[in-house]
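Below is one structure, written out as structure tokens; the observations come after it.
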Amino acid sequence: METIRACVVVVAAMVAAPAWAERPADFLQRFEAEARGADAAFSASAERGRNWFESRHGRDWSCSTCHTKDPAVSGRHEVTGKSIDPMAPGINAERLRSARQVSKWFRRNCRDVLGRECSAAEKADVVAWLIAAAPSTGDGQ
Amino acid sequence: MKAATALLALSLAAVASAMASGGGQRDDDERGRAAALDPTYVEECGACHVAYPPELLSRDSWTAVVGQLGRHFGVDASLDTALAAEINAYLQAQAGVYATDDSEGQPLLRITETDWFRHAHRPGEDGLYRGVFDSEAVRSPSNCGACHLGAARGRYGEDEIRIP
């Protein structure tokens with residue numbers, strides 16, 4: 001009976017909340033720690049992240065070209081026109097939840113926007129901005 | 001005890017079924033043409049654009065597309081080797097049977113440049129007007145979902161077209 005009760009609890013938990021592998025704060029911590037390898041005094045800055053997100057970096061696009069300047073709203077792919085869900089984890093609970101996704105999209109989009117991979121410091125700042133840009137609306141933390 | 005076990009099995013089945021059907025949507029009303037798209041293909045190739053029906057390009061065309069994902073129409077769409085191979089296998093298996101080559105016999109990379117697409121989307125056809133693909137609401141002929149309401153689910157039937 002104990003086993004059954006435990007199973008029921010597990011099932012209830014599965015229904016209540018998706019099994020997120022990671023939390024947004026994990027990525028902030030990870031990139032910040034990595035950036036401190038190059039600069040021991042580094043501390044992520046949401047304000048710096050916002051500026052960086054809105055700026056072009058020697059090419060045609062900024063992050064905000066497709067994602068807009070407001071991470072709380074939907075963006076639109078510059079080439080295909082397809083809608084892109086909001087980037088702020090406080091609005092879109094799927095953001096900053098999977099190391100595979102975070103790594104894939106930073107790799108691709110940084111190459112498109114900067115022509116190179118992003119540094120850990122740049123990633124830490126932009127993650128800080130995405131987290132700060134919109135307050136969390138729910139559970140899942 | 002028996003009842004509790006049965007209840008547990010039922011609730012597990014319900015959870016599994018809800019997950020599999022993406023929240024209870026069923027595709028029974030589909031008019032039979034489009035096979036369900038591969039979930040990996042949809043996840044990896046359906047983020048920036050609709051996951052295009054694999055049968056709209058030939059095997060040669062898909063080989064060319066998957067072979068240059070790092071420079072995918074001006075955008076980096078690179079995948080790790082294992083994922084690219086898995087997706088290519090799916091595309092090869094589902095590819096169209098007719099060649100989709102350009103006039104010099106090179107495989108086309110764009111579905112929108114194939115003879116079929118140009119013919120099916122010519123001005124006047126199904127309410128299409130000149131300039132519709134450049135309109136603010138559509139922006140690109142690759143934005144299938146702007147008019148084909150079921151494009152994300154692989155559905156392109158005439159009863160699901162709404163031209164903005």
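Naming scheme: A, B, ... for chains in displayed order of the structure tokens; residues 1 onward per chain; ligands 1 onward as shown.
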task: Give the residues of chain A that lie within 6 Å of chain B; count only C-alpha atoms, and format the answer as a PyMOL selection string.
output: chain A and resi 80-82+108
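Around B:Ser58, within 12 Å and counting only C-alpha atoms, the residues found are Pro53, Pro54, Trp62, Thr63, Ala64, Val65, Asn88, Leu91, Gln92, Ala93, Gln94, Ala95, Gly96, Val97, Tyr98, Ala99, Thr100, Asp101, Asp102, Gln106, Pro107, Leu108, Leu109, Arg110, Ile111 and Thr114 of chain B, once anything fewer than 4 positions away on its own chain is removed.
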Just-selected residues, N, CA and C atoms written as an mmCIF file, in the first residue's frame:
data_model
loop_
_atom_site.group_PDB
_atom_site.id
_atom_site.type_symbol
_atom_site.label_atom_id
_atom_site.label_comp_id
_atom_site.auth_asym_id
_atom_site.auth_seq_id
_atom_site.Cartn_x
_atom_site.Cartn_y
_atom_site.Cartn_z
ATOM 1 N N PRO B 53 6.493 19.363 -45.282
ATOM 2 C CA PRO B 53 6.228 17.966 -45.629
ATOM 3 C C PRO B 53 7.417 17.390 -46.415
ATOM 4 N N PRO B 54 8.014 16.300 -45.937
ATOM 5 C CA PRO B 54 9.220 15.760 -46.584
ATOM 6 C C PRO B 54 9.002 15.391 -48.042
ATOM 7 N N TRP B 62 17.002 16.889 -50.373
ATOM 8 C CA TRP B 62 17.147 16.812 -48.908
ATOM 9 C C TRP B 62 18.608 16.568 -48.518
ATOM 10 N N THR B 63 19.293 15.733 -49.277
ATOM 11 C CA THR B 63 20.712 15.498 -48.978
ATOM 12 C C THR B 63 21.476 16.812 -49.021
ATOM 13 N N ALA B 64 21.167 17.626 -50.038
ATOM 14 C CA ALA B 64 21.855 18.917 -50.172
ATOM 15 C C ALA B 64 21.496 19.858 -49.022
ATOM 16 N N VAL B 65 20.233 19.866 -48.627
ATOM 17 C CA VAL B 65 19.804 20.759 -47.536
ATOM 18 C C VAL B 65 20.479 20.352 -46.222
ATOM 19 N N ASN B 88 18.125 13.108 -41.463
ATOM 20 C CA ASN B 88 18.332 12.821 -42.881
ATOM 21 C C ASN B 88 17.746 11.459 -43.255
ATOM 22 N N LEU B 91 14.081 11.952 -43.685
ATOM 23 C CA LEU B 91 13.769 12.688 -44.914
ATOM 24 C C LEU B 91 13.987 11.823 -46.152
ATOM 25 N N GLN B 92 15.035 11.034 -46.142
ATOM 26 C CA GLN B 92 15.297 10.150 -47.293
ATOM 27 C C GLN B 92 14.162 9.145 -47.467
ATOM 28 N N ALA B 93 13.663 8.639 -46.331
ATOM 29 C CA ALA B 93 12.596 7.634 -46.390
ATOM 30 C C ALA B 93 11.272 8.234 -46.864
ATOM 31 N N GLN B 94 11.058 9.527 -46.554
ATOM 32 C CA GLN B 94 9.764 10.154 -46.849
ATOM 33 C C GLN B 94 9.804 11.071 -48.066
ATOM 34 N N ALA B 95 10.982 11.214 -48.678
ATOM 35 C CA ALA B 95 11.135 12.197 -49.757
ATOM 36 C C ALA B 95 10.199 11.902 -50.922
ATOM 37 N N GLY B 96 9.957 12.935 -51.730
ATOM 38 C CA GLY B 96 9.128 12.768 -52.908
ATOM 39 C C GLY B 96 9.820 11.914 -53.961
ATOM 40 N N VAL B 97 9.037 11.331 -54.862
ATOM 41 C CA VAL B 97 9.613 10.435 -55.860
ATOM 42 C C VAL B 97 10.075 11.173 -57.109
ATOM 43 N N TYR B 98 9.580 12.411 -57.303
ATOM 44 C CA TYR B 98 9.976 13.151 -58.504
ATOM 45 C C TYR B 98 11.201 14.015 -58.220
ATOM 46 N N ALA B 99 12.032 14.194 -59.236
ATOM 47 C CA ALA B 99 13.208 15.049 -59.089
ATOM 48 C C ALA B 99 12.759 16.486 -58.817
ATOM 49 N N THR B 100 13.473 17.154 -57.937
ATOM 50 C CA THR B 100 13.250 18.586 -57.743
ATOM 51 C C THR B 100 14.585 19.279 -58.025
ATOM 52 N N ASP B 101 14.883 19.377 -59.317
ATOM 53 C CA ASP B 101 16.150 19.954 -59.767
ATOM 54 C C ASP B 101 15.908 21.310 -60.423
ATOM 55 N N ASP B 102 16.975 22.087 -60.531
ATOM 56 C CA ASP B 102 16.866 23.325 -61.294
ATOM 57 C C ASP B 102 17.125 23.023 -62.771
ATOM 58 N N GLN B 106 20.811 20.635 -61.043
ATOM 59 C CA GLN B 106 21.255 20.646 -59.647
ATOM 60 C C GLN B 106 20.032 20.564 -58.731
ATOM 61 N N PRO B 107 20.133 19.830 -57.604
ATOM 62 C CA PRO B 107 18.972 19.731 -56.707
ATOM 63 C C PRO B 107 18.594 21.091 -56.116
ATOM 64 N N LEU B 108 17.313 21.426 -56.203
ATOM 65 C CA LEU B 108 16.815 22.656 -55.584
ATOM 66 C C LEU B 108 16.850 22.512 -54.069
ATOM 67 N N LEU B 109 17.078 23.628 -53.381
ATOM 68 C CA LEU B 109 17.063 23.609 -51.923
ATOM 69 C C LEU B 109 15.753 24.164 -51.377
ATOM 70 N N ARG B 110 15.072 24.933 -52.208
ATOM 71 C CA ARG B 110 13.848 25.588 -51.745
ATOM 72 C C ARG B 110 12.616 24.932 -52.349
ATOM 73 N N ILE B 111 11.697 24.514 -51.490
ATOM 74 C CA ILE B 111 10.424 23.965 -51.949
ATOM 75 C C ILE B 111 9.704 24.996 -52.816
ATOM 76 N N THR B 114 10.221 24.895 -56.572
ATOM 77 C CA THR B 114 9.876 23.717 -57.367
ATOM 78 C C THR B 114 8.708 24.047 -58.312
#
task: Enumerate, as number ranges by chain, the complete set of residues in stretch 28-130 of chain A that a backbone-based DSSP assignment places in helix (DSSP H, G or I).
output: A: 28-36, 46-54, 63-67, 99-114, 120-130
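Among the candidates B:Glu55, B:Leu128, B:Ala85, B:Arg118, the residue lying nearest to B:Gly67 is B:Ala85 (atoms considered: only C-alpha atoms).
If you look at atom CA of A:Phe53 and atom CA of A:Ala72, they are 13.5 Å away from each other.
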field: Residue set, stretch 10-102 of chain A restricted to strand (DSSP E or B), as an NGL selection string
entry: :A and (75-76 or 83-84)
- prompt: Hey, what's within 8 Å of stretch 125-130 of chain A if we count only C-alpha atoms and toss same-chain stuff fewer than 3 positions away? As a VMD selection string, please?
  reply: chain A and resid 24 27 to 28 44 to 50 52 to 53 71 87 to 89 121 to 122 133 to 134
